[in-house]
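Pasting protein.txt here (compact mmCIF, C-alpha atoms and all ligand atoms):
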```txt
# COMPACT_ATOMS: atom_id res chain seq x y z
CA MET Q 1 -1.35 -31.33 -19.71
CA THR Q 2 -1.07 -28.47 -17.22
CA VAL Q 3 0.39 -29.48 -13.88
CA THR Q 4 -0.62 -27.51 -10.82
CA TYR Q 5 2.28 -26.14 -8.88
CA SER Q 6 3.15 -24.21 -5.79
CA THR Q 7 5.97 -21.77 -5.12
CA THR Q 8 8.76 -21.86 -2.58
CA GLY Q 9 7.55 -18.49 -1.33
CA THR Q 10 9.45 -15.33 -0.75
CA VAL Q 11 10.18 -13.17 2.27
CA SER Q 12 10.20 -9.40 1.83
CA SER Q 13 12.99 -7.18 3.05
CA PRO Q 14 12.09 -5.51 6.38
CA LEU Q 15 9.28 -2.94 5.98
CA ASP Q 16 9.78 0.69 6.90
CA LEU Q 17 6.69 1.48 8.91
CA SER Q 18 7.85 4.97 9.86
CA GLN Q 19 5.91 6.32 6.86
CA LEU Q 20 2.73 5.06 8.49
CA ARG Q 21 2.95 6.51 12.05
CA GLY Q 22 5.84 4.34 13.29
CA GLU Q 23 5.80 0.89 14.82
CA HIS Q 24 5.77 2.23 18.34
CA THR Q 25 4.90 5.49 19.93
CA SER Q 26 8.17 7.21 20.85
CA ILE Q 27 9.29 6.82 24.44
CA ASN Q 28 10.36 10.02 26.13
CA LEU Q 29 13.13 8.94 28.48
CA ALA Q 30 13.20 12.27 30.34
CA GLY Q 31 9.48 11.89 30.88
CA ASP Q 32 8.82 15.61 31.43
CA GLY Q 33 9.16 17.06 27.94
CA THR Q 34 12.09 19.24 29.01
CA LYS Q 35 15.25 20.05 27.06
CA GLY Q 36 17.61 17.21 26.40
CA LYS Q 37 14.85 14.62 26.15
CA LYS Q 38 15.78 11.45 24.37
CA GLU Q 39 13.35 9.57 22.22
CA VAL Q 40 13.65 5.88 21.50
CA LYS Q 41 11.84 4.21 18.65
CA PRO Q 42 12.31 0.47 18.99
CA ASN Q 43 13.04 -0.76 15.51
CA VAL Q 44 11.26 -4.09 15.32
CA LYS Q 45 11.77 -6.15 12.19
CA VAL Q 46 8.54 -6.53 10.21
CA THR Q 47 8.43 -8.68 7.08
CA LEU Q 48 5.85 -10.04 4.68
CA THR Q 49 6.04 -13.70 3.65
CA SER Q 50 4.39 -15.54 0.78
CA LEU Q 51 1.76 -18.14 1.56
CA THR Q 52 2.97 -21.68 0.94
CA VAL Q 53 1.83 -25.20 1.81
CA HIS Q 54 4.33 -25.05 4.68
CA ASN Q 55 2.83 -22.00 6.42
CA SER Q 56 -0.79 -22.67 5.47
CA GLY Q 57 -1.39 -24.04 8.99
CA THR Q 58 -0.17 -20.74 10.46
CA LEU Q 59 -2.62 -18.84 8.23
CA ARG Q 60 -5.48 -21.12 9.35
CA LYS Q 61 -4.58 -20.60 13.00
CA LEU Q 62 -4.38 -16.80 12.66
CA ASN Q 63 -7.71 -16.60 10.82
CA SER Q 64 -9.43 -18.93 13.28
CA VAL Q 65 -8.28 -16.84 16.26
CA VAL Q 66 -9.22 -13.46 14.75
CA ILE Q 67 -12.18 -14.04 12.40
CA PRO Q 68 -15.43 -15.71 13.55
CA ILE Q 69 -15.82 -17.63 10.29
CA VAL Q 70 -14.53 -21.12 9.50
CA TYR Q 71 -13.05 -21.12 6.00
CA SER Q 72 -13.08 -24.27 3.88
CA ASP Q 73 -10.13 -26.38 2.76
CA LYS Q 74 -10.85 -25.06 -0.74
CA PHE Q 75 -10.38 -21.49 0.50
CA TYR Q 76 -6.95 -22.39 1.91
CA LYS Q 77 -6.02 -24.21 -1.31
CA ASP Q 78 -7.17 -21.36 -3.56
CA VAL Q 79 -5.21 -18.67 -1.72
CA LEU Q 80 -1.99 -20.58 -2.52
CA ASP Q 81 -2.51 -19.88 -6.23
CA PRO Q 82 0.94 -18.69 -7.41
CA THR Q 83 -0.64 -15.86 -9.43
CA LEU Q 84 -1.82 -14.40 -6.10
CA ASP Q 85 1.62 -14.67 -4.51
CA ASP Q 86 2.10 -10.90 -4.35
CA VAL Q 87 -1.32 -10.07 -2.85
CA ASN Q 88 -1.64 -12.88 -0.28
CA LYS Q 89 0.80 -12.51 2.60
CA LEU Q 90 1.57 -13.34 6.20
CA ILE Q 91 3.08 -10.57 8.30
CA TYR Q 92 5.83 -11.31 10.83
CA TYR Q 93 6.56 -8.96 13.72
CA ALA Q 94 9.96 -9.71 15.30
CA ASP Q 95 9.82 -13.07 13.45
CA ILE Q 96 6.43 -13.93 15.01
CA PRO Q 97 3.54 -14.51 12.58
CA VAL Q 98 0.88 -12.04 13.76
CA GLY Q 99 -1.42 -11.46 10.80
CA ALA Q 100 -2.34 -12.19 7.21
CA ILE Q 101 -4.23 -10.95 4.20
CA CYS Q 102 -6.01 -13.13 1.63
CA CYS Q 103 -7.43 -11.72 -1.59
CA ARG Q 104 -8.59 -12.77 -5.02
CA PHE Q 105 -9.45 -10.99 -8.25
CA GLU Q 106 -13.08 -10.96 -9.37
CA ASN Q 107 -14.77 -9.50 -12.38
CA LEU Q 108 -17.66 -7.74 -10.67
CA SER Q 109 -18.78 -5.51 -13.52
CA LYS Q 110 -21.17 -6.50 -16.29
CA GLY Q 111 -18.70 -5.72 -19.06
CA ALA Q 112 -16.40 -8.75 -19.35
CA LYS Q 113 -13.66 -6.49 -20.72
CA ASP Q 114 -13.55 -4.30 -17.61
CA PRO Q 115 -10.56 -4.96 -15.36
CA PRO Q 116 -11.24 -7.10 -12.30
CA THR Q 117 -11.50 -5.90 -8.70
CA LEU Q 118 -9.15 -6.89 -5.89
CA VAL Q 119 -11.48 -8.48 -3.34
CA ILE Q 120 -10.09 -8.64 0.19
CA LEU Q 121 -11.34 -11.92 1.60
CA THR Q 122 -9.66 -11.89 5.00
CA LEU Q 123 -7.48 -9.39 6.83
CA ALA Q 124 -6.50 -10.37 10.34
CA ILE Q 125 -4.07 -9.07 12.94
CA LEU Q 126 -3.77 -10.73 16.36
CA ALA Q 127 -5.29 -8.39 18.98
CA PRO Q 128 -2.07 -7.69 20.95
CA TYR Q 129 -0.37 -6.53 17.76
CA ARG Q 130 -3.06 -4.08 16.57
CA SER Q 131 -2.59 -0.31 16.13
CA LEU Q 132 1.03 -0.85 15.09
CA SER Q 133 0.28 -0.16 11.42
CA LEU Q 134 0.63 -3.85 10.57
CA GLY Q 135 -2.89 -4.09 9.09
CA SER Q 136 -2.28 -0.98 6.97
CA SER Q 137 1.08 -2.35 5.79
CA LEU Q 138 -0.48 -5.64 4.69
CA LEU Q 139 -3.35 -3.95 2.90
CA LEU Q 140 -1.18 -1.32 1.22
CA ALA Q 141 1.26 -4.01 0.02
CA SER Q 142 -1.63 -5.93 -1.60
CA LEU Q 143 -3.07 -2.76 -3.17
CA ARG Q 144 0.36 -1.88 -4.55
CA ALA Q 145 0.77 -5.40 -5.94
CA ALA Q 146 -2.68 -5.25 -7.57
CA LEU Q 147 -1.77 -2.00 -9.29
CA HIS Q 148 1.74 -3.13 -10.24
CA PRO Q 149 1.52 -6.86 -10.96
CA THR Q 150 4.76 -8.81 -11.16
CA THR Q 151 5.54 -12.08 -12.89
CA PRO Q 152 4.58 -14.93 -10.55
CA PRO Q 153 7.55 -16.75 -8.99
CA PRO Q 154 8.99 -19.82 -10.72
CA PRO Q 155 6.93 -22.97 -10.27
CA ILE Q 156 7.71 -26.04 -8.17
CA PRO Q 157 5.83 -29.24 -9.01
CA SER Q 158 3.34 -30.10 -6.31
CA ASP Q 159 1.78 -33.33 -7.53
CA GLY Q 160 4.54 -35.59 -6.23
CA LYS Q 161 5.33 -36.89 -9.72
CA ILE Q 162 8.37 -36.22 -11.83
CA ASN Q 163 7.61 -33.29 -14.12
CA THR Q 164 9.52 -31.91 -17.02
CA ARG Q 165 10.06 -28.18 -17.31
CA ALA Q 166 7.77 -28.15 -20.35
CA SER Q 167 4.85 -29.61 -18.39
CA LEU Q 168 4.89 -26.69 -15.92
CA THR Q 169 3.17 -23.62 -17.28
CA VAL Q 170 4.37 -20.34 -15.80
CA ALA Q 171 1.42 -18.00 -15.43
CA PRO Q 172 1.70 -14.64 -17.20
CA PRO Q 173 1.58 -11.43 -15.11
CA ARG Q 174 -1.91 -10.17 -14.31
CA VAL Q 175 -3.50 -6.99 -15.65
CA LYS Q 176 -3.28 -3.80 -13.56
CA VAL Q 177 -6.12 -3.58 -11.06
CA ASN Q 178 -7.15 -0.16 -9.74
CA ARG Q 179 -10.28 -1.06 -7.73
CA ALA Q 180 -10.56 -2.86 -4.40
CA LEU Q 181 -13.46 -4.15 -2.32
CA ALA Q 182 -13.75 -5.43 1.24
CA HIS Q 183 -16.75 -6.78 3.17
CA VAL Q 184 -17.04 -5.61 6.75
CA GLN Q 185 -19.62 -7.17 9.03
CA VAL Q 186 -22.25 -4.65 10.15
CA GLY Q 187 -21.20 -3.57 13.63
CA ASN Q 188 -17.46 -4.07 13.12
CA GLU Q 189 -16.70 -0.38 13.64
CA GLU Q 190 -12.96 -0.93 14.12
CA ALA Q 191 -12.59 -2.50 10.69
CA LYS Q 192 -14.90 0.05 9.03
CA ARG Q 193 -12.88 2.94 10.49
CA PHE Q 194 -9.66 1.21 9.44
CA TYR Q 195 -10.75 1.03 5.79
CA GLU Q 196 -12.18 4.57 5.83
CA LYS Q 197 -8.95 5.96 7.22
CA LEU Q 198 -7.08 4.42 4.33
CA GLY Q 199 -9.46 5.94 1.76
CA PHE Q 200 -12.12 3.26 1.20
CA LYS Q 201 -15.74 4.44 1.03
CA GLU Q 202 -18.94 2.70 2.09
CA SER Q 203 -20.82 1.81 -1.08
CA GLY Q 204 -23.76 -0.28 0.10
CA ILE Q 205 -24.85 -3.28 2.09
CA ALA Q 206 -24.64 -6.93 1.03
CA LYS Q 207 -27.73 -8.47 2.59
CA ASP Q 208 -27.23 -11.88 4.25
CA TYR Q 209 -23.61 -11.98 3.11
CA TYR Q 210 -22.70 -14.14 6.09
CA SER Q 211 -24.69 -17.34 6.52
CA LYS Q 212 -23.39 -18.56 9.89
CA ILE Q 213 -22.76 -15.43 11.95
CA GLU Q 214 -24.98 -12.61 13.20
CA PRO Q 215 -25.47 -9.91 12.04
CA ARG Q 216 -25.56 -11.44 8.58
CA ASP Q 217 -25.21 -8.24 6.58
CA ALA Q 218 -21.91 -6.85 5.33
CA ILE Q 219 -20.96 -3.26 4.53
CA LEU Q 220 -19.24 -2.97 1.15
CA MET Q 221 -16.10 -0.86 1.53
CA VAL Q 222 -14.76 0.17 -1.88
CA CYS Q 223 -11.68 1.92 -3.17
CA GLU Q 224 -12.39 3.10 -6.74
CA ASP Q 225 -8.88 4.39 -7.37
CA ILE Q 226 -6.03 2.46 -5.80
CA ALA Q 227 -3.49 4.69 -7.58
CA SER Q 228 -4.70 7.85 -5.89
CA LEU Q 229 -5.02 6.06 -2.52
CA LEU Q 230 -1.34 5.19 -2.90
CA GLY Q 231 -0.53 8.77 -3.89
CA GLU Q 232 0.31 7.78 -7.45
CA LYS Q 233 -0.82 9.70 -10.50
CA THR Q 234 -3.48 8.16 -12.70
CA GLU Q 235 -2.87 8.66 -16.42
CA PRO Q 236 -5.80 9.82 -18.60
CA ASN Q 237 -6.14 6.26 -19.96
CA GLY Q 238 -6.64 4.93 -16.40
CA SER Q 239 -3.15 3.45 -15.99
CA SER Q 240 -0.64 4.77 -13.45
C1 LIG Q 301 -8.91 -4.28 11.07
C2 LIG Q 301 -7.52 -4.74 11.50
C3 LIG Q 301 -6.96 -5.68 10.43
C4 LIG Q 301 -6.61 -3.52 11.65
O1 LIG Q 301 -5.31 -3.98 11.94
P1 LIG Q 301 -4.23 -3.04 12.68
O2 LIG Q 301 -2.91 -3.68 12.55
O3 LIG Q 301 -4.69 -2.69 14.05
O4 LIG Q 301 -4.29 -1.75 11.74
P2 LIG Q 301 -3.39 -0.44 11.84
O5 LIG Q 301 -2.51 -0.49 13.04
O6 LIG Q 301 -2.78 -0.27 10.55
O7 LIG Q 301 -4.50 0.66 12.04
C5 LIG Q 301 -5.50 0.53 13.07
C6 LIG Q 301 -5.63 1.76 13.89
O8 LIG Q 301 -4.45 2.01 14.61
C7 LIG Q 301 -3.99 3.33 14.38
N1 LIG Q 301 -2.53 3.27 14.46
C8 LIG Q 301 -1.70 2.73 13.56
N2 LIG Q 301 -0.42 2.88 13.99
C9 LIG Q 301 -0.49 3.49 15.21
C10 LIG Q 301 0.48 3.91 16.15
N3 LIG Q 301 1.79 3.73 15.97
N4 LIG Q 301 0.05 4.48 17.30
C11 LIG Q 301 -1.26 4.66 17.52
N5 LIG Q 301 -2.22 4.30 16.65
C12 LIG Q 301 -1.84 3.72 15.50
C13 LIG Q 301 -4.52 3.63 13.02
O9 LIG Q 301 -4.63 5.01 12.76
C14 LIG Q 301 -5.86 3.02 13.09
O10 LIG Q 301 -6.71 3.86 13.84
P3 LIG Q 301 -8.27 3.71 13.82
O11 LIG Q 301 -8.61 2.46 14.59
O12 LIG Q 301 -8.76 4.94 14.49
O13 LIG Q 301 -8.65 3.60 12.37
C15 LIG Q 301 -7.56 -5.45 12.88
O14 LIG Q 301 -8.24 -4.63 13.80
C16 LIG Q 301 -8.22 -6.81 12.87
O15 LIG Q 301 -7.57 -7.84 12.61
N6 LIG Q 301 -9.54 -6.87 13.17
C17 LIG Q 301 -10.27 -8.14 13.24
C18 LIG Q 301 -10.53 -8.75 11.87
C19 LIG Q 301 -11.26 -7.79 10.95
O16 LIG Q 301 -12.21 -7.16 11.34
N7 LIG Q 301 -10.76 -7.70 9.70
C20 LIG Q 301 -11.30 -6.77 8.71
C21 LIG Q 301 -12.39 -7.33 7.89
S1 LIG Q 301 -11.77 -8.49 6.70
```

Would you write the structure of this file as structure tokens?
Amino acid sequence: MTVTYSTTGTVSSPLDLSQLRGEHTSINLAGDGTKGKKEVKPNVKVTLTSLTVHNSGTLRKLNSVVIPIVYSDKFYKDVLDPTLDDVNKLIYYADIPVGAICCRFENLSKGAKDPPTLVILTLAILAPYRSLSLGSSLLLASLRAALHPTTPPPPIPSDGKINTRASLTVAPPRVKVNRALAHVQVGNEEAKRFYEKLGFKESGIAKDYYSKIEPRDAILMVCEDIASLLGEKTEPNGSS
């Protein structure tokens, strides 16, 4: 019998956002651009945290504030899948949870043997914390994890019963995934620009993708080569 399990969750070491335009615009203390000006870059701690049953409520709250869609209990259960631990994250800014990304892997091509696509289900940053590179950091971390899968963290029984080690099956690492897809509601120019800036391309429209919000159509934003988006070389056989 396979017992479902959750993980304790991990917290990343602080992210270095300076590669992505810096967390803050520099402050010129002299104010006039003259010699001797001093620049201050407040160094705010930014970390990524695994999704767990304990912070699932925080994820729900963030999504409900930012995204005009109510996601089901099943959605919030599925995103806790330990094999998605490295692609589904909350982001903390100065220890405050301000955003999150939720993804899953889907085989979208006809050939069953083709590698799956990383589908970005939700990406949300609280409005006061936007344009600080937090959205890019979350997305890039998930893209990196899709391309370089790691072994899922050790399991913790979640069914309340006493389990033996043998009854808990540790999932094997996933295959490398080099393609990503996001749905952006028609009219959401901010999100469309955000994905384009990172290297995603518009690849079509999903008609009536949303059933409860208007407009119902979604723009498909696709990244066909995560490795090159991340500045990594792609080998002739497609691996990086
Ligand atoms: C889309 C979204 C996730 C972007 O999050 P974000 O944290 O603002 O993203 P970033 O800061 O990485 O980049 C956003 C913009 O800020 C700019 N930026 C990043 N760091 C900056 C800095 N230090 N100074 C000035 N601008 C900066 C980026 O270049 C980008 O510019 P653009 O709007 O012209 O593309 C956010 O707007 C959001 O939550 N929107 C609502 C939900 C949504 O639409 N989600 C996407 C569909 S699932």

>> I want to know what sits within 8 Å of Leu147 in chain Q, based on only C-alpha atoms, with residues of the same chain fewer than 6 positions away left out; could you give that as a ChimeraX atom specification?
In response: /Q:176-178,226-227

>> As a quick test: using only C-alpha atoms and all ligand atoms, which residues lie no more than 7 Å away from ligand LIG 301 (chain Q)? Give them as a ChimeraX atom specification.
In response: /Q:20-25,66-67,120-127,129-137,182-184,188,190-191,193-194,197

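Coordinates place CA of Ser64 in chain Q at a distance of 28.2 Å from CA of Pro116 in chain Q.
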
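Distances from Q:Pro14, Q:Pro97, Q:Asp85, Q:Val44 to Thr58 in chain Q were compared using only C-alpha atoms, and the smallest one belongs to Q:Pro97.
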
> In Å, with one decimal, what is the gap from CA of Leu118 in chain Q to CA of Ala146 in chain Q?
Replying inline: 6.9 Å

> Counting all atoms listed in the file, what is within 9 Å of Leu80 in chain Q, bar same-chain residues fewer than 3 positions away, as a PyMOL selection string?
Replying inline: chain Q and resi 6-7+50-53+56+75-77+83-85+88

Prev. selection, C-alpha atoms, output as an mmCIF file, keeping the file's coordinate frame:
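File written: result-v2.cif
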```
data_model
loop_
_atom_site.group_PDB
_atom_site.id
_atom_site.type_symbol
_atom_site.label_atom_id
_atom_site.label_comp_id
_atom_site.auth_asym_id
_atom_site.auth_seq_id
_atom_site.Cartn_x
_atom_site.Cartn_y
_atom_site.Cartn_z
ATOM 1 C CA SER Q 6 3.150 -24.210 -5.790
ATOM 2 C CA THR Q 7 5.970 -21.770 -5.120
ATOM 3 C CA SER Q 50 4.390 -15.540 0.780
ATOM 4 C CA LEU Q 51 1.760 -18.140 1.560
ATOM 5 C CA THR Q 52 2.970 -21.680 0.940
ATOM 6 C CA VAL Q 53 1.830 -25.200 1.810
ATOM 7 C CA SER Q 56 -0.790 -22.670 5.470
ATOM 8 C CA PHE Q 75 -10.380 -21.490 0.500
ATOM 9 C CA TYR Q 76 -6.950 -22.390 1.910
ATOM 10 C CA LYS Q 77 -6.020 -24.210 -1.310
ATOM 11 C CA THR Q 83 -0.640 -15.860 -9.430
ATOM 12 C CA LEU Q 84 -1.820 -14.400 -6.100
ATOM 13 C CA ASP Q 85 1.620 -14.670 -4.510
ATOM 14 C CA ASN Q 88 -1.640 -12.880 -0.280
#
```

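As for CA of Ile219 in chain Q and CA of Gly199 in chain Q, they are spaced 15.0 Å apart.
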
> Given the choices Q:Tyr71, Q:Pro149, Q:Thr47, Q:Leu198, which gets closest to Ser228 in chain Q if the distance is worked out from only C-alpha atoms?
Replying inline: Q:Leu198

> With all atoms listed in the file as the basis for distance, which of Q:Pro115, Q:Asp208, Q:Tyr92, Q:Val79 is at the shortest distance from Leu15 in chain Q?
Replying inline: Q:Tyr92

>> List as a list in words the protein and nucleic acid residues near Phe200 in chain Q, meaning an atom at most 6 Å away when only C-alpha atoms are counted, but skip any in the same chain fewer than 2 places from it.
In response: Tyr195, Glu196, Met221, Val222 and Cys223 of chain Q

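Restricting the calculation to only C-alpha atoms, the smallest distance between Leu138 in chain Q and any of Q:Gly99, Q:Pro68, Q:Gly204, Q:Gly231 is found for Q:Gly99.
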
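Distances to Lys89 in chain Q were evaluated for Q:Ser72, Q:Thr151, Q:Asn43, Q:Ser12 using all atoms listed in the file, and the minimum falls at Q:Ser12.
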
> Given the choices Q:Ile91, Q:Leu139, Q:Ile205, Q:Ala180, which gets closest to Val11 in chain Q if the distance is worked out from all atoms listed in the file?
Replying inline: Q:Ile91

> What's the 9 Å shell around His148 in chain Q, counting all atoms listed in the file, without same-chain residues fewer than 4 positions away, as an MDAnalysis selection string?
Replying inline: chainID Q and resid 143:144 174:177 240
